[in-house]
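Heads up, the thing below is written out as structure tokens.
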Amino acid sequence: MSTRFAAAFAKPHPALVAFITAGDGNTAANLDALVAGGADVIELGMPFTDPMADGPAIQQANLRSLAKGTTTADIFATAAAFRQRHPDTPLVLMGYANPMTIRGGDWFAAECAKAGVDGVICVDVPAEEDPELGPALRAAGIDLIRLATPTTDTARLPAVLNGAGGFLYYVSVAGITGQQQAAQASIDEAVARLKAATDLPVAVGFGVRTPQQAAEIAKVADGVVVGSALVELVAQHGDAAAPHVEAFTRTLANAIHSAKEIAA
Amino acid sequence: MTDAPTLPNSLRSGPDDRGHFGQFGGRYVAETLMPLILDLERHYRAAQADPAFKAQFDYLLKNYVGRPSPLWLAQRLTDHLGGAKIYLKREDLNHTGAHKINNCIGQILLAKRMGKTKIIAETGAGQHGVATATVAALFGLPCTIFMGAVDVARQQPNVFRMKLLGAEVVAVESGAKTLKDAMNEALRHWVANVHDTFYIIGTVAGPHPYPQLVRDFQSVIGDEAREQILEAEGRLPDMLIAPVGGGSNAIGLFHPFLDDTDVEIVGVEAAGEGLDGKHAASLAGGRPGILHGNRTYLLQDEDGQITEAHSISAGLDYPGIGPEHSWLHDIGRVRYEPVTDEEALTSFQKLTKLEGIIPALESAHAIAAAERIAPTLGKDKIIIVNCSGRGDKDIFTVADALGVKL
């Protein structure tokens, strides 16, 4: 695991993992706002024309970004500049297989390393297609963050964990981003099951919109992922979203960070 | 379904156990869907080994779809072109008017076998949507069809047909609001409803095992054509021609002939306004990438963003192609040729006047390629063209293109 992930999940409180889409609004200012607001891990979404796992909020963010002409080179430049400004905050690129693999997995992994990216989440490369990205990322010292879902049963879990790094992202609902919320009891049960199977920190996301929800999840998980609710602030406030993003991030971070005490 | 034995060095033995045809195919889906995809594969293997499944499939194709479809010697077209003898495989005469129903019958039998109680599908022109709604009605299962809002507007008769058949039609407002976006939305719905929902994919694309199972269900086209041409001519044809969007009718015709090296095979891609303009020719104008669960040739920019396809034929208006076609293209077993909107329109009218057969605009692309090729071949040569669907659905589009007000 990268030292930045290790440090983020070794804090005496659960982590806020905050997502925004690259190239949507003033991305640099919004990233700074996430850090200032108390986010522990940043996920930077790589826009794609066909975001099959995303709900309307992130779909629209993808289209807004692409309409402005955002390129992969722009995203790596944004990441590299972020790393200059924030040497300690873990940065994850999250997106879809085609933009990540179009120039080859090795190229992508090398660019991630150059830009100071710590981890990669690729929504449509399951464990079965690991050769597409996994070996290149691991060779470059980048963590491949795997997703587990309510449909990932115990028999399948070892395959998902094989080659996984950074943290395990538990997709709490069978569905798309930003839609319905999972029942807390099902999250408690799933996190317990996952934590029994891996030493990786477990972060829970999909459908988490409010500080109250985030706090409930933070009682059992190592991290809570919030995306659509932040992206909606960018949609609403455009280039002037940063103060709103920072304020909302702070309410989320306060709720998550005080949800439970973790013995250091 | 085809049950011919395949040899180790056969071109018919793919995909491998991970769903790859060479570098193409695979299972590029979200983790939520992965267990379901694996389950579907297990059930499909069991169904393949179950004589009762094949018997029910064959029964429905014969008595409900009306198979076998005729192999028609298009004598007037042949005389007009003055070259090779042209036979038409009449998939347009199937129930619901196209080859799509073959696959839908197979998949709904699988859905029943897996205990799924709801059906979803994507559709472009509406032919696959109508075929899916039809089998859902036949089996009494609720059905939701995802269709781009642009396609809903330009294919109103098919939208109404689907509704009459009891399906709910969801107009998809995302992206360019056409087939690609309908497929995205169907995948989003599926991921949220995997426990009880079966997704009937309409072409030989998507994650493994779809490209394989759709091909197997459609191979009835080639199996029949082979038997029929042997009966009519006492020999195999010299050439096969079929239109390729995703490529299910084409692979259905081609697959049983892949190992017959003397049979030349031509797939026809939609060149739209021309290859230097807007088109849907993924092989001629695209390169390999990953979309909708499989690696295949795609229309895309240098960053891997998918670009919009264009064809006058809504059924060919897709920026990708089935992975097995990509492989057959790369190994050179099948030659893929582009045909423009204009050429297809001309052939649409020509076949209608010469043979009294109104072809689908998709099929008209194959007819156009035949018109180009047949005169260059001797009169002793034989071509089979897949008339994959009937053109009634296209009369509004054609009238519009010809400047006729209906």
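If you're wondering about the labels, chains in the structure tokens are A, B, ... by order shown, residues count from 1 in each chain, ligands from 1 in order shown.
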Could you tell me which residues of chain B sit within 10 Å of chain A when counting only C-alpha atoms, and give me the result as a ChimeraX atom specification?
/B:18,26-36,174-176,180-181,183-195,287-295,300-308
Residues within 9 Å of Glu216 of chain A, please, as a PyMOL selection string. Count only C-alpha atoms; anything in the same chain fewer than 4 positions from it doesn't count.
chain A and resi 184+211-212+220+255-256+259
Residue selection dump (N, CA and C atoms) as a compact mmCIF listing (two decimals), in the first residue's frame:
# COMPACT_ATOMS: atom_id res chain seq x y z
N GLN A 184 -28.72 0.30 6.61
CA GLN A 184 -27.52 0.30 7.45
C GLN A 184 -27.16 -1.11 7.91
N PRO A 211 -24.40 13.98 6.01
CA PRO A 211 -23.49 13.73 7.13
C PRO A 211 -24.02 12.64 8.07
N GLN A 212 -25.35 12.61 8.27
CA GLN A 212 -25.94 11.61 9.17
C GLN A 212 -25.67 10.19 8.66
N VAL A 220 -18.82 1.70 11.45
CA VAL A 220 -18.33 0.34 11.18
C VAL A 220 -17.22 0.30 10.13
N ALA A 255 -18.70 14.85 10.74
CA ALA A 255 -19.58 13.73 11.09
C ALA A 255 -18.82 12.40 11.08
N ILE A 256 -18.00 12.23 10.07
CA ILE A 256 -17.27 10.96 9.93
C ILE A 256 -16.16 10.85 10.98
N ALA A 259 -17.38 9.96 14.43
CA ALA A 259 -18.31 8.83 14.54
C ALA A 259 -17.82 7.77 15.51
For Phe24 of chain B, please output as a PyMOL selection string all residues within 8 Å (counting only C-alpha atoms; exclusion window: fewer than 5 positions along the same chain).
chain B and resi 294-296+323-324+326-327
Same residues, N, CA and C atoms, saved as a short mmCIF file (atom, residue, chain, number, x, y, z; two decimals), in the first residue's frame:
data_model
loop_
_atom_site.label_atom_id
_atom_site.label_comp_id
_atom_site.auth_asym_id
_atom_site.auth_seq_id
_atom_site.Cartn_x
_atom_site.Cartn_y
_atom_site.Cartn_z
N ASN B 294 -17.01 -5.49 -23.70
CA ASN B 294 -16.07 -6.25 -24.53
C ASN B 294 -15.04 -5.36 -25.21
N ARG B 295 -13.89 -6.00 -25.53
CA ARG B 295 -12.87 -5.32 -26.32
C ARG B 295 -13.17 -5.58 -27.78
N THR B 296 -13.22 -4.52 -28.56
CA THR B 296 -13.54 -4.66 -29.97
C THR B 296 -13.16 -3.37 -30.69
N PRO B 323 -17.18 -8.62 -31.05
CA PRO B 323 -15.76 -8.95 -30.95
C PRO B 323 -15.30 -10.05 -31.90
N GLU B 324 -16.20 -10.98 -32.22
CA GLU B 324 -15.77 -12.05 -33.13
C GLU B 324 -15.53 -11.49 -34.54
N SER B 326 -14.37 -8.48 -35.09
CA SER B 326 -13.06 -7.82 -35.00
C SER B 326 -11.94 -8.83 -35.23
N TRP B 327 -12.13 -10.00 -34.63
CA TRP B 327 -11.12 -11.06 -34.76
C TRP B 327 -11.08 -11.57 -36.21
#
Excluding segment 232-236 of chain B and any residue of its chain fewer than 5 positions from it, enumerate the residues within 10 Å of it, using only C-alpha atoms, and give them as a ChimeraX atom specification.
/B:71,73,225-227,257,260,262-263,382-384
Just the residues within 12 Å of Arg154 of chain B, please, counting only C-alpha atoms, with nothing from its chain fewer than 6 positions along; format it as a PyMOL selection string.
chain B and resi 124-126+147-148+160+171+177-178+312-314+393-398+400
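Straight-line separation from atom CA of Val135 of chain B to atom CA of Thr117 of chain B: 13.1 Å.
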Run DSSP on the backbone and tell me which residues of segment 32-199 of chain B come out as alpha helix (DSSP H); list them as a PyMOL selection string.
chain B and resi 34-48+51-60+75-81+100-113+127-139+149-154+156-164+179-192
At a cut-off of 12 Å, using only C-alpha atoms, what residues contact Arg335 of chain B? Leave out same-chain residues fewer than 3 positions from it and give the result as a PDB file with N, CA, C and O atoms, in the first residue's frame.
ATOM      1  N   MET B 239     -19.527 -17.183 -52.236  1.00  0.00           N
ATOM      2  CA  MET B 239     -19.425 -15.990 -51.389  1.00  0.00           C
ATOM      3  C   MET B 239     -20.676 -15.805 -50.538  1.00  0.00           C
ATOM      4  O   MET B 239     -21.787 -16.137 -50.967  1.00  0.00           O
ATOM      5  N   LEU B 240     -20.462 -15.282 -49.328  1.00  0.00           N
ATOM      6  CA  LEU B 240     -21.559 -14.866 -48.449  1.00  0.00           C
ATOM      7  C   LEU B 240     -21.431 -13.363 -48.248  1.00  0.00           C
ATOM      8  O   LEU B 240     -20.322 -12.848 -48.114  1.00  0.00           O
ATOM      9  N   ILE B 241     -22.564 -12.666 -48.207  1.00  0.00           N
ATOM     10  CA  ILE B 241     -22.545 -11.228 -47.916  1.00  0.00           C
ATOM     11  C   ILE B 241     -23.630 -10.922 -46.890  1.00  0.00           C
ATOM     12  O   ILE B 241     -24.776 -11.365 -47.047  1.00  0.00           O
ATOM     13  N   ALA B 242     -23.278 -10.186 -45.862  1.00  0.00           N
ATOM     14  CA  ALA B 242     -24.278  -9.786 -44.858  1.00  0.00           C
ATOM     15  C   ALA B 242     -23.920  -8.423 -44.291  1.00  0.00           C
ATOM     16  O   ALA B 242     -22.752  -8.067 -44.206  1.00  0.00           O
ATOM     17  N   PRO B 243     -24.957  -7.659 -43.884  1.00  0.00           N
ATOM     18  CA  PRO B 243     -24.695  -6.360 -43.258  1.00  0.00           C
ATOM     19  C   PRO B 243     -24.234  -6.556 -41.817  1.00  0.00           C
ATOM     20  O   PRO B 243     -24.639  -7.516 -41.154  1.00  0.00           O
ATOM     21  N   VAL B 244     -23.398  -5.633 -41.344  1.00  0.00           N
ATOM     22  CA  VAL B 244     -22.854  -5.729 -39.986  1.00  0.00           C
ATOM     23  C   VAL B 244     -23.037  -4.411 -39.236  1.00  0.00           C
ATOM     24  O   VAL B 244     -22.487  -3.392 -39.644  1.00  0.00           O
ATOM     25  N   PHE B 254     -22.444 -16.471 -41.303  1.00  0.00           N
ATOM     26  CA  PHE B 254     -21.039 -16.799 -41.587  1.00  0.00           C
ATOM     27  C   PHE B 254     -20.528 -18.023 -40.820  1.00  0.00           C
ATOM     28  O   PHE B 254     -19.753 -18.816 -41.349  1.00  0.00           O
ATOM     29  N   VAL B 263     -15.139 -20.664 -49.441  1.00  0.00           N
ATOM     30  CA  VAL B 263     -16.254 -19.717 -49.404  1.00  0.00           C
ATOM     31  C   VAL B 263     -15.720 -18.364 -48.934  1.00  0.00           C
ATOM     32  O   VAL B 263     -15.253 -18.211 -47.804  1.00  0.00           O
ATOM     33  N   GLU B 264     -15.786 -17.382 -49.854  1.00  0.00           N
ATOM     34  CA  GLU B 264     -15.336 -16.043 -49.507  1.00  0.00           C
ATOM     35  C   GLU B 264     -16.436 -15.371 -48.680  1.00  0.00           C
ATOM     36  O   GLU B 264     -17.626 -15.564 -48.969  1.00  0.00           O
ATOM     37  N   ILE B 265     -16.054 -14.597 -47.673  1.00  0.00           N
ATOM     38  CA  ILE B 265     -17.063 -14.010 -46.784  1.00  0.00           C
ATOM     39  C   ILE B 265     -16.860 -12.496 -46.710  1.00  0.00           C
ATOM     40  O   ILE B 265     -15.753 -12.019 -46.470  1.00  0.00           O
ATOM     41  N   VAL B 266     -17.973 -11.782 -46.921  1.00  0.00           N
ATOM     42  CA  VAL B 266     -17.922 -10.311 -46.938  1.00  0.00           C
ATOM     43  C   VAL B 266     -18.947  -9.749 -45.951  1.00  0.00           C
ATOM     44  O   VAL B 266     -20.144 -10.042 -46.047  1.00  0.00           O
ATOM     45  N   GLY B 267     -18.470  -8.955 -45.006  1.00  0.00           N
ATOM     46  CA  GLY B 267     -19.356  -8.223 -44.109  1.00  0.00           C
ATOM     47  C   GLY B 267     -19.449  -6.783 -44.588  1.00  0.00           C
ATOM     48  O   GLY B 267     -18.463  -6.231 -45.087  1.00  0.00           O
ATOM     49  N   VAL B 268     -20.632  -6.182 -44.447  1.00  0.00           N
ATOM     50  CA  VAL B 268     -20.822  -4.835 -44.976  1.00  0.00           C
ATOM     51  C   VAL B 268     -21.078  -3.862 -43.829  1.00  0.00           C
ATOM     52  O   VAL B 268     -22.043  -3.989 -43.081  1.00  0.00           O
ATOM     53  N   GLU B 269     -20.178  -2.895 -43.691  1.00  0.00           N
ATOM     54  CA  GLU B 269     -20.321  -1.872 -42.660  1.00  0.00           C
ATOM     55  C   GLU B 269     -21.014  -0.635 -43.232  1.00  0.00           C
ATOM     56  O   GLU B 269     -20.892  -0.337 -44.420  1.00  0.00           O
ATOM     57  N   LEU B 283     -14.771  -0.965 -38.162  1.00  0.00           N
ATOM     58  CA  LEU B 283     -13.537  -1.613 -38.606  1.00  0.00           C
ATOM     59  C   LEU B 283     -12.747  -0.696 -39.530  1.00  0.00           C
ATOM     60  O   LEU B 283     -11.535  -0.546 -39.393  1.00  0.00           O
ATOM     61  N   ALA B 284     -13.444  -0.071 -40.470  1.00  0.00           N
ATOM     62  CA  ALA B 284     -12.755   0.793 -41.431  1.00  0.00           C
ATOM     63  C   ALA B 284     -12.265   2.080 -40.767  1.00  0.00           C
ATOM     64  O   ALA B 284     -11.221   2.610 -41.133  1.00  0.00           O
ATOM     65  N   HIS B 325     -16.311 -10.480 -34.914  1.00  0.00           N
ATOM     66  CA  HIS B 325     -16.065  -9.827 -36.210  1.00  0.00           C
ATOM     67  C   HIS B 325     -14.696  -9.133 -36.214  1.00  0.00           C
ATOM     68  O   HIS B 325     -13.980  -9.161 -37.216  1.00  0.00           O
ATOM     69  N   SER B 326     -14.368  -8.479 -35.092  1.00  0.00           N
ATOM     70  CA  SER B 326     -13.060  -7.820 -35.005  1.00  0.00           C
ATOM     71  C   SER B 326     -11.942  -8.831 -35.226  1.00  0.00           C
ATOM     72  O   SER B 326     -10.963  -8.560 -35.926  1.00  0.00           O
ATOM     73  N   TRP B 327     -12.129 -10.001 -34.630  1.00  0.00           N
ATOM     74  CA  TRP B 327     -11.121 -11.058 -34.764  1.00  0.00           C
ATOM     75  C   TRP B 327     -11.082 -11.572 -36.209  1.00  0.00           C
ATOM     76  O   TRP B 327      -9.998 -11.717 -36.799  1.00  0.00           O
ATOM     77  N   LEU B 328     -12.243 -11.837 -36.782  1.00  0.00           N
ATOM     78  CA  LEU B 328     -12.293 -12.351 -38.166  1.00  0.00           C
ATOM     79  C   LEU B 328     -11.697 -11.336 -39.142  1.00  0.00           C
ATOM     80  O   LEU B 328     -11.098 -11.703 -40.161  1.00  0.00           O
ATOM     81  N   HIS B 329     -11.867 -10.067 -38.813  1.00  0.00           N
ATOM     82  CA  HIS B 329     -11.265  -8.998 -39.608  1.00  0.00           C
ATOM     83  C   HIS B 329      -9.740  -9.048 -39.489  1.00  0.00           C
ATOM     84  O   HIS B 329      -9.023  -9.037 -40.492  1.00  0.00           O
ATOM     85  N   ASP B 330      -9.251  -9.127 -38.258  1.00  0.00           N
ATOM     86  CA  ASP B 330      -7.801  -9.096 -38.043  1.00  0.00           C
ATOM     87  C   ASP B 330      -7.097 -10.302 -38.656  1.00  0.00           C
ATOM     88  O   ASP B 330      -5.980 -10.176 -39.162  1.00  0.00           O
ATOM     89  N   ILE B 331      -7.735 -11.490 -38.582  1.00  0.00           N
ATOM     90  CA  ILE B 331      -7.080 -12.674 -39.153  1.00  0.00           C
ATOM     91  C   ILE B 331      -7.342 -12.775 -40.653  1.00  0.00           C
ATOM     92  O   ILE B 331      -6.801 -13.655 -41.320  1.00  0.00           O
ATOM     93  N   GLY B 332      -8.188 -11.896 -41.173  1.00  0.00           N
ATOM     94  CA  GLY B 332      -8.407 -11.855 -42.618  1.00  0.00           C
ATOM     95  C   GLY B 332      -9.385 -12.892 -43.153  1.00  0.00           C
ATOM     96  O   GLY B 332      -9.519 -13.051 -44.370  1.00  0.00           O
ATOM     97  N   PRO B 338     -17.218  -1.109 -46.812  1.00  0.00           N
ATOM     98  CA  PRO B 338     -18.168  -0.055 -46.473  1.00  0.00           C
ATOM     99  C   PRO B 338     -19.183   0.206 -47.590  1.00  0.00           C
ATOM    100  O   PRO B 338     -18.851   0.092 -48.776  1.00  0.00           O
ATOM    101  N   ALA B 369     -23.578  -4.078 -51.692  1.00  0.00           N
ATOM    102  CA  ALA B 369     -22.267  -4.720 -51.862  1.00  0.00           C
ATOM    103  C   ALA B 369     -22.357  -5.810 -52.929  1.00  0.00           C
ATOM    104  O   ALA B 369     -21.445  -5.972 -53.753  1.00  0.00           O
TER     105      ALA B 369
END
DSSP strand (DSSP E) residues within segment 25-90 of chain B, listed as a ChimeraX atom specification
/B:25-28,71-73,85-90
Export of prior selection with C-alpha atoms as a compact mmCIF listing (two decimals), in the first residue's frame:
# COMPACT_ATOMS: atom_id res chain seq x y z
CA GLY B 25 -14.21 -10.01 -26.34
CA GLY B 26 -13.82 -10.55 -22.61
CA ARG B 27 -15.94 -9.52 -19.62
CA TYR B 28 -15.43 -5.81 -18.92
CA LEU B 71 -33.40 -19.29 -49.75
CA TRP B 72 -34.68 -17.33 -52.74
CA LEU B 73 -32.93 -17.28 -56.10
CA LYS B 85 -26.07 -15.93 -59.27
CA ILE B 86 -27.59 -14.25 -56.21
CA TYR B 87 -29.59 -16.05 -53.56
CA LEU B 88 -31.32 -14.19 -50.74
CA LYS B 89 -31.63 -15.75 -47.30
CA ARG B 90 -35.09 -14.53 -46.39
Please identify all polymer residues within 9 Å of Val35 of chain A, counting only C-alpha atoms, omitting same-chain residues fewer than 6 positions from it, and present them as a VMD selection string.
chain A and resid 41 to 42 86 89 246 249
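Atom to atom, atom CA of Ala229 of chain A and atom CA of Ala182 of chain A stand 15.7 Å apart.
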